[in-house]
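Since the structure comes first, as structure tokens, the remarks are kept for the end.
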Number of protein chains: 2
Amino acid sequence: MRITKSDVIQTAADIADKNGLSNVSLKAVAESLNIRAPSLYNHIDSLEALLREIAHNGMKTMNERMMQAAIGKIGDDAIKSVGITYLNYMIEHPGIYETIQWATWHGTEETGKIFDNYLSLLKTLALSCNFNPMNIDEILNLLTGVLHGYTTLQLRYAFTKPDEVKTALSSALDTVLAGLHQKYDQHEKKLL
Amino acid sequence: MRITKSDVIQTAADIADKNGLSNVSLKAVAESLNIRAPSLYNHIDSLEALLREIAHNGMKTMNERMMQAAIGKIGDDAIKSVGITYLNYMIEHPGIYETIQWATWHGTEETGKIFDNYLSLLKTLALSCNFNPMNIDEILNLLTGVLHGYTTLQLRYAFTKPDEVKTALSSALDTVLAGLHQKYDQHEKKLL
DNA sequence: TTGACTTTACTAATTACATTAGTTAAAATA
DNA sequence: TATTTTAACTAATGTAATTAGTAAAGTCAA
């Protein structure tokens with residue numbers, strides 16, 4: 001009968017996924033948990049703080065999954081694998097992803113730190129692509145931008161035709177990586 | 001002393017740009033206009049509808065500016081010019097852009113139509129790049145994705161270092177276009 | 001086991017909005 | 001000028017977030 005902070009976040013995240021971010025209210029969360037709305041304040045600071053927790057949990061879960069997806073892979077393969085994982089998460093959890101976008105505008109330092117973990121993973125993988133390390137930041141900016149923008153804009157088709165969208169994302173990443181290789185590949189190996 | 005629907009939308013958009021989307025309320029809009037909140041219902045249907053109007057107005061304005069920016073240009077040049085215009089608008093109107101993103105999730109058919117106008121412009125320009133028309137949809141998906149994702153993620157830097165961000169966007173588009181040309185350029189000219 | 005302490009639930013009350021209903025005065029129109 | 005429409009108003013309602021104060025149930029040391 002006792003409820004934990006984690007229960008509250010999970011329940012709110014489920015509501016977001018099922019009914020959209022705009023239907024996440026303390027009232028709705030409390031009803032799902034069979035408690036009264038004010039009782040939620042024993043676990044959270046405010047509705048805004050709860051939304052941030054949903055976003056942070058989601059971002060951390062995505063980071064874990066993307067790390068898993070990258071294990072045993074390097075280079076373009078690894079990056080495409082991470083990209084597909086990113087898209088999969090968004091398809092499975094559109095409400096959480098919507099909350100993550102909300103947190104882009106209403107985030108805290110914590111939000112930035114979790115995002116940095118994501119950048120850090122992508123950076124490692126990008127460095128395994130034989131790009132000139134001098135340009136790694138530009139490369140990261142483009143890769144993260146493509147992933148975020150492409151998946152967001154394709155989300156509406158992703159529910160009805162998930163396989164097509166995944167294939168298309170893979171192909172889009174191929175195109176971007178081709179451009180990146182053309183521009184940033186190290187042509188000379190450093191000699192010892 | 002009389003207020004028009006256009007005034008209401010403008011005022012709400014200004015509040016969004018200055019204080020963020022979450023601070024747009026009928027109360028705040030009414031106070032800015034020196035009228036009472038219920039009077040706003042003479043001009044709008046609801047708060048949600050007002051937010052959609054902000055988004056639609058913003059999208060239309062962006063479309064117009066992008067069309068202007070494309071005049072007299074073709075190919076990669078035109079696309080980069082449009083991209084920079086897109087970024088400029090977002091820097092000038094972050095609150096409206098936030099509302100446009102909100103409308104991505106809460107939009108109507110109207111929202112889709114305005115977005116289609118944008119797609120239509122980009123399609124014309126992409127076709128001027130000598131890409132194989134058979135692949136135009138994939139190409140558009142990638143271009144719109146990069147534009148949306150890249151600009152959104154760079155927005156936080158765009159206020160302090162606008163010039164760097166604009167140069168970087170131009171370079172990122174170069175990279176993507178290089179990948180697209182490598183993959184989708186028409187190698188054979190059709191003979192008459 | 002008992003007694004202090006903490007946790008987590010509750011009810012009641014407050015506040016902030018969005019929204020509706022009903023009304024009125026000014027503006028537009030015929 | 002008479003009529004109709006527009007756009008403002010006040011008053012009232014409903015919903016949701018939040019705060020304050022309280023009580024029950026769990027935790028843990030003596």
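Letters for chains follow the order of the structure tokens (A, B, ...), residue numbers begin at 1 for each chain, and ligand numbers begin at 1 in the order shown.
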
Per residue of chain D within 9 Å of chain B, note the shortest atom pair and the distance in Å to one decimal, counting only C-alpha atoms (C1' of nucleotides), and order the rows by chain and increasing residue number, as a tab-separated table.
```
residue	atom	partner	partner_atom	distance
D:DT6	C1'	B:Asn42	CA	8.4
D:DA7	C1'	B:Asn42	CA	6.4
D:DA8	C1'	B:Ser39	CA	6.3
D:DC9	C1'	B:Ser39	CA	7.9
```

Dump as a PDB file with N, CA and C atoms (P, O5', C5', C4', C3', O3' and C1' of nucleotides), in the first residue's frame the residues of chain C that approach chain A to within 10 Å, counting only C-alpha atoms (C1' of nucleotides).
```pdb
ATOM      1  P    DT C   7      12.354  10.595   7.090  1.00  0.00           P
ATOM      2  O5'  DT C   7      11.120   9.776   6.516  1.00  0.00           O
ATOM      3  C5'  DT C   7      11.038   8.380   6.792  1.00  0.00           C
ATOM      4  C4'  DT C   7       9.699   7.847   6.358  1.00  0.00           C
ATOM      5  C3'  DT C   7       9.155   8.500   5.072  1.00  0.00           C
ATOM      6  O3'  DT C   7       8.727   7.452   4.224  1.00  0.00           O
ATOM      7  C1'  DT C   7       7.537   8.626   6.804  1.00  0.00           C
ATOM      8  P    DT C   8       8.283   7.750   2.737  1.00  0.00           P
ATOM      9  O5'  DT C   8       6.697   7.851   2.885  1.00  0.00           O
ATOM     10  C5'  DT C   8       5.970   6.714   3.328  1.00  0.00           C
ATOM     11  C4'  DT C   8       4.518   7.096   3.486  1.00  0.00           C
ATOM     12  C3'  DT C   8       3.942   7.883   2.305  1.00  0.00           C
ATOM     13  O3'  DT C   8       2.670   7.354   1.979  1.00  0.00           O
ATOM     14  C1'  DT C   8       3.493   8.984   4.311  1.00  0.00           C
ATOM     15  P    DA C   9       2.093   7.541   0.523  1.00  0.00           P
ATOM     16  O5'  DA C   9       0.577   7.927   0.783  1.00  0.00           O
ATOM     17  C5'  DA C   9      -0.274   7.011   1.413  1.00  0.00           C
ATOM     18  C4'  DA C   9      -1.085   7.666   2.511  1.00  0.00           C
ATOM     19  C3'  DA C   9      -2.055   8.754   2.070  1.00  0.00           C
ATOM     20  O3'  DA C   9      -3.279   8.172   1.636  1.00  0.00           O
ATOM     21  C1'  DA C   9      -1.032   9.264   4.171  1.00  0.00           C
ATOM     22  P    DC C  10      -4.300   9.079   0.859  1.00  0.00           P
ATOM     23  O5'  DC C  10      -4.948   9.956   2.035  1.00  0.00           O
ATOM     24  C5'  DC C  10      -5.605   9.288   3.115  1.00  0.00           C
ATOM     25  C4'  DC C  10      -6.021  10.309   4.176  1.00  0.00           C
ATOM     26  C3'  DC C  10      -6.832  11.474   3.602  1.00  0.00           C
ATOM     27  O3'  DC C  10      -8.209  11.177   3.701  1.00  0.00           O
ATOM     28  C1'  DC C  10      -5.126  12.251   5.094  1.00  0.00           C
ATOM     29  P    DT C  11      -9.222  12.116   2.879  1.00  0.00           P
ATOM     30  O5'  DT C  11      -9.548  13.360   3.831  1.00  0.00           O
ATOM     31  C5'  DT C  11      -9.697  13.210   5.234  1.00  0.00           C
ATOM     32  C4'  DT C  11      -9.818  14.597   5.878  1.00  0.00           C
ATOM     33  C3'  DT C  11     -10.751  15.559   5.140  1.00  0.00           C
ATOM     34  O3'  DT C  11     -11.477  16.330   6.089  1.00  0.00           O
ATOM     35  C1'  DT C  11      -8.571  16.486   5.225  1.00  0.00           C
TER      36       DT C  11
END
```

- Given a cut-off of 7 Å, which residues of chain A touch chain B, counting only C-alpha atoms, written out as a list in words?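 Those within range of chain B come out as Asn141, Leu142, Gly145, Val146, His148, Gly149, Tyr150, Leu153, Ala172, Thr175, Val176, Ala178, Gly179, Leu180 and Lys183 of chain A.
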
- Item | atom CA of Ala126 of chain A to atom CA of Thr99 of chain A, distance in Å rounded to a single decimal |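 Distance between the two atoms: 27.3 Å.
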
- Out of segment 25-138 of chain B, which residues get helix (DSSP H, G or I) from DSSP, as a ChimeraX atom specification? /B:26-33,37-42,47-70,75-92,94-106,109-127,133-138

- Message: Between atom C1' of DG26 of chain D and atom CA of Glu31 of chain A, what distance in Å does the model show, to one decimal?
- Response: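 Interatomic distance here is 23.8 Å.
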
- Residues within 9 Å of Ile15 of chain A, only C-alpha atoms (C1' of nucleotides), excluding chain neighbours under 2 positions, as a ChimeraX atom specification: /A:10-13,17-21,23-24,28-29,32,95

- Query: Which polymer residues have any atom within 7 Å of an atom of segment 71-76 of chain B, counting only C-alpha atoms (C1' of nucleotides), with same-chain residues fewer than 4 positions away left out, as a list in words?
  - Reply: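 My reading of the contact set: Met67, Lys80, Leu125, Ala126, Ser128 and Cys129 of chain B.
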
Output N, CA and C atoms for every residue in the selection just made, as a PDB file, in the first residue's frame.
```pdb
ATOM      1  N   MET B  67      11.085  31.722 -48.201  1.00  0.00           N
ATOM      2  CA  MET B  67      10.876  31.915 -49.641  1.00  0.00           C
ATOM      3  C   MET B  67      11.658  33.125 -50.129  1.00  0.00           C
ATOM      4  N   LYS B  80      21.110  26.270 -48.193  1.00  0.00           N
ATOM      5  CA  LYS B  80      21.827  26.833 -47.053  1.00  0.00           C
ATOM      6  C   LYS B  80      21.243  28.181 -46.645  1.00  0.00           C
ATOM      7  N   LEU B 125      13.521  23.402 -54.019  1.00  0.00           N
ATOM      8  CA  LEU B 125      14.955  23.719 -53.967  1.00  0.00           C
ATOM      9  C   LEU B 125      15.801  22.459 -54.096  1.00  0.00           C
ATOM     10  N   ALA B 126      15.349  21.392 -53.434  1.00  0.00           N
ATOM     11  CA  ALA B 126      16.122  20.149 -53.502  1.00  0.00           C
ATOM     12  C   ALA B 126      16.164  19.633 -54.938  1.00  0.00           C
ATOM     13  N   SER B 128      16.326  21.366 -57.466  1.00  0.00           N
ATOM     14  CA  SER B 128      17.271  22.188 -58.235  1.00  0.00           C
ATOM     15  C   SER B 128      18.718  21.780 -57.955  1.00  0.00           C
ATOM     16  N   CYS B 129      18.899  20.757 -57.124  1.00  0.00           N
ATOM     17  CA  CYS B 129      20.253  20.319 -56.768  1.00  0.00           C
ATOM     18  C   CYS B 129      20.761  19.184 -57.653  1.00  0.00           C
TER      19      CYS B 129
END
```

- Message: Set the distance at 12 Å and use only C-alpha atoms (C1' of nucleotides): which residues neighbour DA30 of chain C once local chain neighbours fewer than 5 positions away are removed? I'd like the list as a list in words.
- Response: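 Listed by chain and then number, they are DT1, DA2, DT3 and DT4 of chain D.
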
Residue selection dump (N, CA and C atoms (P, O5', C5', C4', C3', O3' and C1' of nucleotides)) as a PDB file, in the first residue's frame:
```pdb
ATOM      1  P    DT D   1     -30.601  60.829 -35.034  1.00  0.00           P
ATOM      2  O5'  DT D   1     -31.470  59.734 -35.807  1.00  0.00           O
ATOM      3  C5'  DT D   1     -32.794  59.987 -36.215  1.00  0.00           C
ATOM      4  C4'  DT D   1     -33.409  58.665 -36.589  1.00  0.00           C
ATOM      5  C3'  DT D   1     -33.475  57.670 -35.435  1.00  0.00           C
ATOM      6  O3'  DT D   1     -34.637  56.854 -35.598  1.00  0.00           O
ATOM      7  C1'  DT D   1     -32.096  56.797 -37.124  1.00  0.00           C
ATOM      8  P    DA D   2     -35.182  55.980 -34.382  1.00  0.00           P
ATOM      9  O5'  DA D   2     -34.917  54.529 -34.990  1.00  0.00           O
ATOM     10  C5'  DA D   2     -35.540  54.160 -36.224  1.00  0.00           C
ATOM     11  C4'  DA D   2     -35.112  52.759 -36.589  1.00  0.00           C
ATOM     12  C3'  DA D   2     -35.207  51.752 -35.453  1.00  0.00           C
ATOM     13  O3'  DA D   2     -35.654  50.515 -36.003  1.00  0.00           O
ATOM     14  C1'  DA D   2     -32.956  51.931 -36.155  1.00  0.00           C
ATOM     15  P    DT D   3     -35.779  49.197 -35.058  1.00  0.00           P
ATOM     16  O5'  DT D   3     -34.503  48.371 -35.544  1.00  0.00           O
ATOM     17  C5'  DT D   3     -34.223  48.290 -36.956  1.00  0.00           C
ATOM     18  C4'  DT D   3     -33.000  47.426 -37.164  1.00  0.00           C
ATOM     19  C3'  DT D   3     -32.897  46.248 -36.203  1.00  0.00           C
ATOM     20  O3'  DT D   3     -32.469  45.121 -36.946  1.00  0.00           O
ATOM     21  C1'  DT D   3     -30.938  47.542 -36.065  1.00  0.00           C
ATOM     22  P    DT D   4     -32.584  43.633 -36.377  1.00  0.00           P
ATOM     23  O5'  DT D   4     -31.044  43.221 -36.524  1.00  0.00           O
ATOM     24  C5'  DT D   4     -30.309  43.710 -37.648  1.00  0.00           C
ATOM     25  C4'  DT D   4     -28.830  43.624 -37.344  1.00  0.00           C
ATOM     26  C3'  DT D   4     -28.453  42.414 -36.500  1.00  0.00           C
ATOM     27  O3'  DT D   4     -27.439  41.705 -37.189  1.00  0.00           O
ATOM     28  C1'  DT D   4     -27.476  44.384 -35.616  1.00  0.00           C
TER      29       DT D   4
END
```
